[in-house]
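Engineer: Before I ask anything, here is the structure I am working with.
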Amino acid sequence: ALDRSRPARLGSGSRPLVAASMAGVTTTGVDAARERLTELGYEVLVFHVSGTGGRTLEKLAGQGIFAGVLDLTLSELADDLCGGILTAGPDRLSAAGRAGIPQVVSLGALDMVKFGPLETLPERARYRRVRVHNPSITVIRTTGSECAELGRRVAAKLRVATGPTAVCVPLRGLSTLGAPGGPYHDPDADGALFSALREGLRGSAARLYDYDTHINDPAFGRAAADRLHAMIGAVSAAA
């Protein structure tokens, strides 16, 4: 078990260290959270969810160097489910829970799966909602059934967490593409994700909070940061 009598610190005399996950399509929300956590006295280490980034976050969380984890971007789980190229493997979103680290989780970028250049897109994906993100990355929109499975997978990971766990749900969209008016805005698919997540967390210690906003609203990022701060403070006070 980790020693929670003192918050994890980056080094002697340094500020408590918090991990945050980010993608290009969740940058605005995560930046707002990072700025708020910095105001509150934390050092924030941002991991880009590129596969390598998620694996590194998991490894370091397992070593207990973080006071808390702000895991707002989970697109690596969508890639793992759907055969995308930026998966971090099936153990993504597990280490903080095993280590008992306070974690605030959101569902950022679960509305998409990332593949390589357009010409490499698998045949099975060519008839989906395809968008060329840049010359190296092509994305497809996750379907309602895929979103439901992702909700079940996220819930299964979080319901066994041994530390304080909260899920912040941005009801109006999970990315810049999925916000109202965006090409991946799909309330039905998102609703399947939310419903499966709620059902999977029923009866667990994980808390779920709905926000009537999209993930890149700065108010959402600040609220998630404040919630993590409160959870870290409660753990420190109880130690």
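We name chains A, B, ... following the order of the structure tokens; residues begin at 1 in each chain, and ligands are numbered from 1 as shown.
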Assign secondary structure with DSSP using the backbone only, and return the residues of region 45-189 of chain A in helix (DSSP H, G or I) as an NGL selection string.

Structural biologist: :A and (52-62 or 75-82 or 95-99 or 118-120 or 123-125 or 144-158 or 187-189)

Engineer: Which polymer residues have any atom within 12 Å of an atom of Thr56 (chain A), counting only C-alpha atoms, with same-chain residues fewer than 6 positions away left out, as a list in words?

Structural biologist: Ala19, Ala20, Ser21, Leu45, Val46, Phe47, His48, Val49, Ser50, Gly62, Gln63, Ala88, Gly89, Asp91, Arg92, Leu93 and Ala95 of chain A

Engineer: Can I get the selection written as a tab-separated table (two decimals), in the first residue's frame, with N, CA and C atoms?

Structural biologist:
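File written: part23.tsv
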```tsv
chain	number	residue	atom	x	y	z
A	19	ALA	N	-1.08	13.84	-12.47
A	19	ALA	CA	-1.06	13.44	-13.88
A	19	ALA	C	-2.36	13.86	-14.55
A	20	ALA	N	-2.28	14.26	-15.81
A	20	ALA	CA	-3.46	14.58	-16.60
A	20	ALA	C	-3.30	13.99	-17.99
A	21	SER	N	-4.40	13.50	-18.57
A	21	SER	CA	-4.36	12.94	-19.92
A	21	SER	C	-5.03	13.90	-20.90
A	45	LEU	N	1.64	17.06	-14.70
A	45	LEU	CA	2.37	16.38	-15.75
A	45	LEU	C	1.34	15.86	-16.76
A	46	VAL	N	1.37	16.40	-17.99
A	46	VAL	CA	0.37	16.07	-19.01
A	46	VAL	C	0.88	14.94	-19.90
A	47	PHE	N	0.04	13.95	-20.09
A	47	PHE	CA	0.36	12.81	-20.95
A	47	PHE	C	-0.56	12.84	-22.17
A	48	HIS	N	0.03	12.88	-23.36
A	48	HIS	CA	-0.77	12.84	-24.58
A	48	HIS	C	-1.12	11.38	-24.89
A	49	VAL	N	-2.39	11.14	-25.17
A	49	VAL	CA	-2.88	9.77	-25.27
A	49	VAL	C	-2.54	9.19	-26.65
A	50	SER	N	-1.29	8.87	-26.80
A	50	SER	CA	-0.73	8.39	-28.06
A	50	SER	C	-0.41	6.91	-28.02
A	62	GLY	N	1.42	3.52	-11.11
A	62	GLY	CA	1.69	2.31	-10.35
A	62	GLY	C	2.86	2.44	-9.39
A	63	GLN	N	3.76	3.37	-9.69
A	63	GLN	CA	4.90	3.62	-8.80
A	63	GLN	C	4.56	4.56	-7.66
A	88	ALA	N	-3.18	1.88	-25.77
A	88	ALA	CA	-2.19	1.72	-24.70
A	88	ALA	C	-2.33	0.35	-24.04
A	89	GLY	N	-3.08	-0.55	-24.67
A	89	GLY	CA	-3.26	-1.89	-24.14
A	89	GLY	C	-4.45	-2.00	-23.20
A	91	ASP	N	-4.75	-2.68	-20.10
A	91	ASP	CA	-4.62	-2.27	-18.71
A	91	ASP	C	-4.75	-0.77	-18.50
A	92	ARG	N	-4.98	-0.03	-19.56
A	92	ARG	CA	-5.19	1.42	-19.42
A	92	ARG	C	-6.33	1.69	-18.45
A	93	LEU	N	-6.18	2.69	-17.62
A	93	LEU	CA	-7.16	3.10	-16.61
A	93	LEU	C	-7.24	2.12	-15.44
A	95	ALA	N	-4.03	1.46	-13.18
A	95	ALA	CA	-2.96	1.57	-12.17
A	95	ALA	C	-3.34	2.48	-11.01
```

Engineer: Quick check, in Å to one decimal: how far apart do CA of Gly221 (chain A) and CA of Ala32 (chain A) lie?

Structural biologist: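 Answer for the CA of Gly221 (chain A) to CA of Ala32 (chain A) separation: 5.1 Å.
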
Engineer: Please indicate the distance in Å from CA of Ala33 (chain A) to CA of Gly144 (chain A), rounded to one decimal place.

Structural biologist: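 For CA of Ala33 (chain A) relative to CA of Gly144 (chain A), the distance reads 28.4 Å.
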
Engineer: Give me every strand (DSSP E) residue in region 16-198 of chain A, going by DSSP on the backbone, as number ranges by chain.

Structural biologist: A: 17-22, 43-48, 68-73, 103-108, 112-115, 130-134, 137-141, 165-170

Engineer: Counting only C-alpha atoms, which of A:Asp226, A:Asp217, A:Asp80, A:Glu58 gets nearest to Val30 (chain A)?

Structural biologist: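 Smallest distance to Val30 (chain A) is found for A:Asp217.
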
Engineer: At a cut-off of 12 Å, can you tabulate as CSV every residue of region 13-95 of chain A near region 161-184 of chain A together with its closest atom pair and the distance in Å to one decimal, using only C-alpha atoms and ordering rows by chain then number?

Structural biologist:
```
residue,atom,partner,partner_atom,distance
A:Met22,CA,A:Ser175,CA,10.7
A:Ala23,CA,A:Ser175,CA,9.0
A:Gly24,CA,A:Thr176,CA,8.6
A:Val25,CA,A:Thr176,CA,5.1
A:Thr26,CA,A:Ser175,CA,5.5
A:Thr27,CA,A:Thr176,CA,9.0
A:Thr28,CA,A:Thr176,CA,9.0
A:Gly29,CA,A:Ser175,CA,9.2
A:Val30,CA,A:Ser175,CA,11.0
A:Ala67,CA,A:Gly163,CA,11.4
A:Gly68,CA,A:Pro164,CA,9.6
A:Val69,CA,A:Thr165,CA,9.7
A:Leu70,CA,A:Ala166,CA,9.8
A:Asp71,CA,A:Val167,CA,9.3
A:Leu72,CA,A:Cys168,CA,8.4
A:Thr73,CA,A:Leu174,CA,8.8
A:Leu74,CA,A:Leu174,CA,10.0
A:Ser75,CA,A:Leu174,CA,10.0
A:Leu93,CA,A:Ala161,CA,9.8
A:Ser94,CA,A:Ala161,CA,7.8
A:Ala95,CA,A:Ala161,CA,8.8
```

Engineer: Given the selection you just returned, output its residues as a file containing N, CA, C and O atoms, formatted as a CSV table (one decimal), in the first residue's frame.

Structural biologist:
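Output file part_9.csv follows:
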```csv
chain,number,residue,atom,x,y,z
A,22,MET,N,-4.5,14.0,-22.1
A,22,MET,CA,-4.9,15.0,-23.1
A,22,MET,C,-4.8,14.5,-24.5
A,22,MET,O,-3.9,13.7,-24.8
A,23,ALA,N,-5.7,14.9,-25.3
A,23,ALA,CA,-5.5,14.7,-26.8
A,23,ALA,C,-5.7,16.1,-27.4
A,23,ALA,O,-6.2,17.0,-26.8
A,24,GLY,N,-5.4,16.2,-28.7
A,24,GLY,CA,-5.7,17.5,-29.4
A,24,GLY,C,-7.1,17.9,-29.3
A,24,GLY,O,-7.4,19.1,-29.1
A,25,VAL,N,-8.0,16.9,-29.3
A,25,VAL,CA,-9.4,17.3,-29.3
A,25,VAL,C,-10.0,17.5,-27.9
A,25,VAL,O,-11.2,17.8,-27.8
A,26,THR,N,-9.2,17.4,-26.9
A,26,THR,CA,-9.6,17.7,-25.5
A,26,THR,C,-8.7,18.8,-24.9
A,26,THR,O,-8.8,19.0,-23.7
A,27,THR,N,-7.9,19.4,-25.7
A,27,THR,CA,-6.9,20.3,-25.1
A,27,THR,C,-7.5,21.5,-24.3
A,27,THR,O,-7.0,21.8,-23.3
A,28,THR,N,-8.5,22.1,-24.8
A,28,THR,CA,-9.1,23.3,-24.2
A,28,THR,C,-9.5,23.0,-22.8
A,28,THR,O,-9.3,23.7,-21.8
A,29,GLY,N,-10.3,21.9,-22.6
A,29,GLY,CA,-10.8,21.5,-21.3
A,29,GLY,C,-9.6,21.1,-20.4
A,29,GLY,O,-9.6,21.5,-19.2
A,30,VAL,N,-8.7,20.3,-20.9
A,30,VAL,CA,-7.6,19.8,-20.0
A,30,VAL,C,-6.7,21.0,-19.6
A,30,VAL,O,-6.2,21.1,-18.5
A,67,ALA,N,0.1,12.5,-6.5
A,67,ALA,CA,-0.9,12.7,-5.5
A,67,ALA,C,-2.3,12.5,-6.0
A,67,ALA,O,-3.2,12.2,-5.2
A,68,GLY,N,-2.5,12.6,-7.3
A,68,GLY,CA,-3.8,12.4,-7.9
A,68,GLY,C,-3.7,12.2,-9.4
A,68,GLY,O,-2.7,12.6,-10.0
A,69,VAL,N,-4.7,11.7,-10.0
A,69,VAL,CA,-4.7,11.5,-11.5
A,69,VAL,C,-6.0,12.2,-12.0
A,69,VAL,O,-7.1,11.8,-11.6
A,70,LEU,N,-5.9,13.0,-13.0
A,70,LEU,CA,-7.0,13.7,-13.7
A,70,LEU,C,-7.0,13.1,-15.1
A,70,LEU,O,-6.4,13.6,-16.0
A,71,ASP,N,-7.7,12.0,-15.2
A,71,ASP,CA,-7.7,11.2,-16.5
A,71,ASP,C,-8.9,11.5,-17.3
A,71,ASP,O,-9.9,10.8,-17.4
A,72,LEU,N,-8.9,12.7,-18.0
A,72,LEU,CA,-10.0,13.2,-18.7
A,72,LEU,C,-10.1,12.7,-20.2
A,72,LEU,O,-11.1,12.9,-20.8
A,73,THR,N,-9.1,12.0,-20.7
A,73,THR,CA,-9.1,11.6,-22.1
A,73,THR,C,-8.7,10.1,-22.2
A,73,THR,O,-7.6,9.7,-21.9
A,74,LEU,N,-9.7,9.4,-22.7
A,74,LEU,CA,-9.6,7.9,-22.7
A,74,LEU,C,-9.6,7.3,-24.1
A,74,LEU,O,-9.9,6.1,-24.2
A,75,SER,N,-9.2,8.1,-25.1
A,75,SER,CA,-9.4,7.6,-26.5
A,75,SER,C,-8.5,6.3,-26.7
A,75,SER,O,-8.9,5.5,-27.6
A,93,LEU,N,-6.2,2.7,-17.6
A,93,LEU,CA,-7.2,3.1,-16.6
A,93,LEU,C,-7.2,2.1,-15.4
A,93,LEU,O,-8.3,1.9,-14.9
A,94,SER,N,-6.1,1.5,-15.1
A,94,SER,CA,-6.1,0.5,-14.0
A,94,SER,C,-5.2,0.9,-12.9
A,94,SER,O,-5.5,0.6,-11.7
A,95,ALA,N,-4.0,1.5,-13.2
A,95,ALA,CA,-3.0,1.6,-12.2
A,95,ALA,C,-3.3,2.5,-11.0
A,95,ALA,O,-3.1,2.1,-9.8
```

Engineer: To one decimal in Å, tell me the separation between CA of Ala78 (chain A) and CA of Arg152 (chain A).

Structural biologist: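 Answer for the CA of Ala78 (chain A) to CA of Arg152 (chain A) separation: 12.0 Å.
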
Engineer: When distances are computed from only C-alpha atoms, which of A:Phe194, A:Phe115, A:Phe66, A:Phe220 shows the smallest separation from Ala96 (chain A)?

Structural biologist: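 For Ala96 (chain A), the nearest of the given residues is A:Phe66.
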
Engineer: Taking into account only C-alpha atoms, which residue in the set A:Thr143, A:Lys157, A:Val130, A:Leu86 is nearest to Ala189 (chain A)?

Structural biologist: A:Thr143

Engineer: Closest to Gly54 (chain A) among A:Glu76, A:Glu149, A:Asp212, A:Glu35, using only C-alpha atoms?

Structural biologist: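 Using only C-alpha atoms, Gly54 (chain A) sits closest to A:Glu76.
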